[in-house]
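Worksheet: one structure, shown below.
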Amino acid sequence: LQGSGKTTTCGKLAAYLKSRGKNVVMVAADLQRPAAVEQLEVVANDVNTNAKGTGLVSCYSEPDKCGEYGTATGVAVGVCNRGIDYAKKEKADIVILDTAGRMHIDEDLMHELRGVHSTTKPHQVYLVIDAMIGQDAVNAAGTFHEELAVDGVILTKFDSDTRGGVSLSVKRVTGVPIKFIGTGE
């Protein structure tokens with residue numbers, strides 16, 4: 001969902017990869033949330049300038065493709081594909097697709113996500129879950145895993161809710177590992 005920490009997580013992953021000498025392109029594919037594209041551009045610039053390591057981090061974006069929530073549905077597929085083409089030209093080692101937050105019951109946005117997945121054929125798919133949403137995450141995780149065959153879960157805001165019970169439930173429902181636990185911004 002919006003506010004779960006997906007864009008922040010993209011930045012943290014880019015910083016992690018930069019510190020290991022990787023060149024990273026982050027693709028701004030959240031075209032639903034106001035200022036999401038600008039946020040990812042700021043995060044990418046900050047990581048490129050301030051994070052340790054020899055790698056480079058950049059952002060591919062098409063701000064003109066943004067729309068009010070629900071009006072830009074389906075557009076992210078093309079943005080992701082063009083972002084990957086850009087990353088190839090830039091000789092990036094890794095591409096991170098920052099897609100829009102969505103409810104697992106929003107069929108239009110789930111259709112878009114399936115389109116992104118089928119055309120980009122990602123090597124890894126991570127489900128980002130806010131530790132504070134509790135057991136609602138279990139239903140969402142099950143649905144996302146059925147739709148996309150999620151490779152791992154990233155649990156955000158773990159320092160805000162130390163119970164962590166959702167992590168065990170999500171692990172059980174999906175059968176995939178928790179790859180990262182995020183704290184702070």
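Within each chain, counting starts at residue 1; across the structure tokens, chains are named A, B, ... in the order shown, with ligands numbered 1 upward in that order.
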
Inset, instruction - Enumerate, as a count of residues only, the complete set of residues in range 5-151 of chain A that a backbone-based DSSP assignment places in strand (DSSP E or B). - result: 21

Inset, instruction - Excluding range 151-156 of chain A and any residue of its chain fewer than 3 positions from it, enumerate the residues within 9 Å of it, using only C-alpha atoms, and give them as a ChimeraX atom specification. - result: /A:4-6,9,123-132,141,145,148,159-160,164,167,170-171,174-184

Inset, instruction - Check the smallest atom-to-atom distance from each of A:Leu168, A:Ile133, A:Val57, A:Ala140 to Lys91 in chain A using only C-alpha atoms, then report the winner. - result: A:Val57

Inset, instruction - List the neighbours of Cys10 in chain A out to 8 Å using only C-alpha atoms; skip same-chain residues closer than 2 positions along the sequence, and give me the result as a ChimeraX atom specification. - result: /A:6-8,12-14,26,96,98

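The protein and nucleic acid residues lying at most 10 Å from Ser19 in chain A are Leu13, Ala14, Ala15, Tyr16, Leu17, Gly21, Lys22, Asn23, Ala51, Lys52, Gly53, Thr54, Gly55 and Leu56 of chain A, with only C-alpha atoms considered and sequence neighbours fewer than 2 positions away removed.
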
Inset, instruction - Give me every alpha helix (DSSP H) residue in range 17-173 of chain A, going by DSSP on the backbone, as a ChimeraX atom specification. - result: /A:17-18,36-50,75-89,107-120,136-148,165-173

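Of the listed residues (A:Val138, A:Val24, A:Val77, A:Ala149), A:Val24 comes nearest to Glu90 in chain A; the distances count only C-alpha atoms.
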
Inset, instruction - Choose the residue, out of A:Asn50, A:Gly142, A:Arg20, A:Glu147, that has the smallest atom-to-atom separation from Arg172 in chain A; count only C-alpha atoms. - result: A:Gly142

Legend entry - For Arg82 in chain A, the nearest of the candidates A:Met110, A:Val25, A:Cys66, A:Asn45, counting only C-alpha atoms: A:Val25

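You will find CA of Ala36 in chain A at 11.3 Å from CA of Glu62 in chain A.
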